[in-house]
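What follows is a set of notes on a single structure, which appears directly below.
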Amino acid sequence: MNEPLKMTPANEGETAELRVLIAAPRGFCAGVDRAIRIVELAIDRFGPAVYVRHEIVHNRYVVESLKAKGAIFVESLDQVPDDVPVVFSAHGVPKAVPAKAEARGLDYIDATCPLVSKVHRQAERASEAGRHIVFIGHAGHPEVIGTLGQLPEGAMTLVESVDDVAALVPPDPEKLAFLTQTTLSVDDTRDIVTALEHRFPTIQGPRGEDICYATSNRQQAVKAIAGQCDRMIVIGAPNSSNSLRLVEVAERLGTPAHLVQRGEDIAPEWLAGIATLGITAGASAPETLVREVIDAVAAHRPIVEEVVVTAQENMIFKLPRGLEP
């Protein structure tokens, strides 16, 4: 269903109206909302100088906003002084991290997305059942590092592509399970899972899809509008996996797509000679940045906005005990 059209005047540039299709769902997911709220409540409760290990979510605007409120972002517990609270990011951390915090007597708050925590529990159960785990994800991503760190080294093997599946030599081909990073391309992951099941017919997968609802919904929303658009703009950080996947989804459908962080990143030439522009935002991008980008577009062309809704999201995750407002 489409929301009513809204006229926005331009300040300069081409005079022909530009149709702007705004994808919905877009932007913040429940896990991101929860993680940001955890940091804000921790600052309210403990005062400024609440440390956060890694960016709480992958968005510079969000991180800078929390810094202004008193959050201090670090990459290692070694950078956290004694006797101050520390928050773990929404991406999850290896088990060694909370163990180290406890050994130092640090108070820590785990802001790991509950859907990522679910994957961690699945990994533990599969390992306890004697299965070697094939984990589908992107090497170096914090969520992947955190998930691999739930089990002893060697208990999981990371694969990133169908080619990796072809080269896989597991310890026992009859005792395998697979899990996935929550922010992957739905289509790419389906291809990798198909390849795994073809090579290893007895491999066990999760009961439900590990790719989170928000990632799937945002990719589906892009698919719904990309075919109508001459160009797509995705609002998100360059280190945001789910945002990069949205760019890929649009481009695979033949629509040129650009990843931007702020309205100032819009290049006027992107808007020249096109009739329809699509806009969406990754799960770590706040709605205020969506509005900023739309206003930046409107500074170059008169626009007509149309919100295209493909799903409704009502997910809410509970806050950690002791942090409820």
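The way I read the labels, and the way they are meant: chains A, B, ... in the order of the structure tokens, residue 1 as the first residue of every chain, and ligand 1 as the first ligand shown, with later ones counted on from there.
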
Tell me which protein, DNA and RNA residues are within 7 Å of range 136-139 of chain A, counting only C-alpha atoms, leaving out same-chain ones fewer than 4 positions away, and put them as a PDB file with N, CA and C atoms, in the first residue's frame.
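Wrote around_0.pdb, looks like this:
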ATOM      1  N   VAL A 144      30.305 -11.741  13.040  1.00  0.00           N
ATOM      2  CA  VAL A 144      30.958 -13.012  12.722  1.00  0.00           C
ATOM      3  C   VAL A 144      32.023 -13.330  13.765  1.00  0.00           C
ATOM      4  N   LEU A 158      34.114 -20.840   8.646  1.00  0.00           N
ATOM      5  CA  LEU A 158      33.443 -19.734   7.971  1.00  0.00           C
ATOM      6  C   LEU A 158      33.465 -19.942   6.461  1.00  0.00           C
ATOM      7  N   VAL A 159      32.305 -19.769   5.829  1.00  0.00           N
ATOM      8  CA  VAL A 159      32.250 -19.758   4.365  1.00  0.00           C
ATOM      9  C   VAL A 159      31.560 -18.465   3.940  1.00  0.00           C
ATOM     10  N   GLU A 160      32.047 -17.879   2.848  1.00  0.00           N
ATOM     11  CA  GLU A 160      31.510 -16.615   2.362  1.00  0.00           C
ATOM     12  C   GLU A 160      30.847 -16.733   0.996  1.00  0.00           C
ATOM     13  N   LEU A 179      24.816 -22.315  10.112  1.00  0.00           N
ATOM     14  CA  LEU A 179      24.166 -21.127  10.668  1.00  0.00           C
ATOM     15  C   LEU A 179      24.607 -19.943   9.822  1.00  0.00           C
ATOM     16  N   THR A 180      23.915 -18.812   9.970  1.00  0.00           N
ATOM     17  CA  THR A 180      24.278 -17.653   9.154  1.00  0.00           C
ATOM     18  C   THR A 180      24.321 -16.372   9.964  1.00  0.00           C
ATOM     19  N   GLN A 181      25.141 -15.458   9.503  1.00  0.00           N
ATOM     20  CA  GLN A 181      25.117 -14.076   9.969  1.00  0.00           C
ATOM     21  C   GLN A 181      23.716 -13.516   9.731  1.00  0.00           C
TER      22      GLN A 181
END

_Non-local contacts of range 114-121 of chain A (9 Å; only C-alpha atoms; under 6 positions in same chain excluded) as a PyMOL selection string_ = chain A and resi 31+90-92+143+146-148+150-151+179-182+206+210-212+317

*Using backbone DSSP assignments, extract all alpha helix (DSSP H) residues from range 119-260 of chain A; output them as number ranges by chain.*
A: 119-128, 142-148, 162-167, 186-199, 213-226, 241-252

_Excluding Arg131 in chain A and its own-chain neighbours fewer than 2 positions away, which residues fall within 6 Å of it when counting only C-alpha atoms? Please give them as a PyMOL selection string._
chain A and resi 126-127+129+175-176

*Leaving out Ala16 in chain A and any residue of its chain fewer than 6 positions from it, which residues lie within 9 Å of it when counting only C-alpha atoms, given as JSON, numbers by chain?*
{"A": [275, 301, 302, 303]}

*Interatomic distance (Å, one decimal) between CA of Ser241 in chain A and CA of Asp107 in chain A*: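 Separating CA of Ser241 in chain A from CA of Asp107 in chain A is a distance of 29.3 Å.
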
*Just asking: which residues within range 173-206 of chain A are strand (DSSP E) according to DSSP, as JSON, numbers by chain?*
{"A": [176, 177, 178, 179, 180]}

Written file, previous selection with C-alpha atoms, as a tab-separated table (two decimals), in the first residue's frame:
chain	number	residue	atom	x	y	z
A	176	LEU	CA	27.53	-30.88	9.97
A	177	ALA	CA	25.23	-27.98	10.80
A	178	PHE	CA	25.04	-24.53	9.24
A	179	LEU	CA	24.17	-21.13	10.67
A	180	THR	CA	24.28	-17.65	9.15

*Neighbours of Glu102 in chain A within 12 Å (only C-alpha atoms; same-chain residues fewer than 6 positions away dropped), as a ChimeraX atom specification?*
/A:77,82-83,85-86,95-96,108-109

Could those selected residues go to a file with N, CA and C atoms, as a CSV table (one decimal), in the first residue's frame?
chain,number,residue,atom,x,y,z
A,77,LEU,N,38.8,-4.0,25.7
A,77,LEU,CA,38.6,-3.8,27.1
A,77,LEU,C,39.8,-3.3,27.8
A,82,ASP,N,39.3,0.7,35.2
A,82,ASP,CA,38.7,0.0,36.3
A,82,ASP,C,37.5,0.8,36.8
A,83,ASP,N,36.5,0.0,37.3
A,83,ASP,CA,35.4,0.6,38.1
A,83,ASP,C,34.5,1.5,37.3
A,85,PRO,N,31.4,1.3,34.1
A,85,PRO,CA,30.5,0.4,33.3
A,85,PRO,C,30.9,0.3,31.8
A,86,VAL,N,30.8,-0.9,31.2
A,86,VAL,CA,31.1,-1.0,29.8
A,86,VAL,C,29.9,-1.7,29.1
A,95,LYS,N,32.9,-15.1,23.7
A,95,LYS,CA,32.8,-15.4,25.1
A,95,LYS,C,33.9,-14.9,25.9
A,96,ALA,N,35.1,-14.8,25.3
A,96,ALA,CA,36.3,-14.4,26.0
A,96,ALA,C,36.2,-12.9,26.5
A,108,TYR,N,29.4,-4.9,33.3
A,108,TYR,CA,29.1,-4.8,31.8
A,108,TYR,C,27.7,-5.0,31.5
A,109,ILE,N,27.2,-4.4,30.5
A,109,ILE,CA,25.8,-4.6,30.0
A,109,ILE,C,25.9,-5.1,28.6

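Atom to atom, CA of Ala214 in chain A and CA of Gln261 in chain A stand 19.3 Å apart.
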
*Among listed residues A:Ala226, A:Asn59, A:Gly140, A:Asn239, nearest Gly27 in chain A (using only C-alpha atoms)*: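 The closest residue to Gly27 in chain A is A:Asn59.
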
*A:Thr215, A:Ser240, A:Thr280, A:Thr157: which is nearest Val57 in chain A, counting only C-alpha atoms?*
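Of all the options, A:Ser240 lies closest to Val57 in chain A.
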
*Nearest to Gly263 in chain A: which of A:Ser243, A:Ala224, A:Pro286, A:Asp295 is it, counting only C-alpha atoms?*
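For Gly263 in chain A, the nearest of the candidates is A:Asp295.
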
*Identify which of the residues A:Met232, A:Ala111, A:Ala311, A:Ala68 lies closest to Gly278 in chain A, counting only C-alpha atoms when measuring atom-to-atom distances.*
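The answer is A:Met232, which sits nearest to Gly278 in chain A.
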
*From the set A:Ile266, A:Val80, A:Ala298, A:Leu21, which residue has the shortest atom-to-atom contact distance to Gly227 in chain A, counting only C-alpha atoms?*
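When distances to Gly227 in chain A are compared using only C-alpha atoms, the smallest one comes from A:Leu21.
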
*Best match for closeness to Gly273 in chain A among A:Val234, A:Leu184, A:Glu17, A:Asn242, counting only C-alpha atoms*: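 The closest residue to Gly273 in chain A is A:Glu17.
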
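Counting only C-alpha atoms, Pro320 in chain A has the following residues at most 12 Å away, ignoring those fewer than 4 positions along the same chain: Arg34, Ala35, Arg37, Ile38, Val39, Leu41, Ala42, Val87, Tyr108, Ile109, Asp110, Ala111, Thr112, Cys113, Pro114, Glu324 and Pro325 of chain A.
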
*Excluding same-chain residues fewer than 4 positions from range 194-197 of chain A, what lies within 7 Å of it counting only C-alpha atoms, as a list in words?*
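What passes the distance filter is Val162, Val165, Arg190, Pro201 and Ile203 of chain A.
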
Atoms kept (N, CA and C atoms) for selection, written as a PDB file, in the first residue's frame:
ATOM      1  N   VAL A 162      29.689 -19.601  -2.593  1.00  0.00           N
ATOM      2  CA  VAL A 162      29.492 -20.945  -3.130  1.00  0.00           C
ATOM      3  C   VAL A 162      30.841 -21.599  -3.417  1.00  0.00           C
ATOM      4  N   VAL A 165      32.168 -23.232  -0.412  1.00  0.00           N
ATOM      5  CA  VAL A 165      31.498 -24.510  -0.146  1.00  0.00           C
ATOM      6  C   VAL A 165      32.168 -25.629  -0.955  1.00  0.00           C
ATOM      7  N   ARG A 190      20.756 -18.038   0.171  1.00  0.00           N
ATOM      8  CA  ARG A 190      19.992 -19.171  -0.368  1.00  0.00           C
ATOM      9  C   ARG A 190      20.865 -20.009  -1.301  1.00  0.00           C
ATOM     10  N   PRO A 201      24.213 -33.786   2.100  1.00  0.00           N
ATOM     11  CA  PRO A 201      22.760 -33.976   2.253  1.00  0.00           C
ATOM     12  C   PRO A 201      22.287 -34.111   3.702  1.00  0.00           C
ATOM     13  N   ILE A 203      23.439 -32.362   6.268  1.00  0.00           N
ATOM     14  CA  ILE A 203      23.702 -31.149   7.043  1.00  0.00           C
ATOM     15  C   ILE A 203      22.402 -30.620   7.638  1.00  0.00           C
TER      16      ILE A 203
END
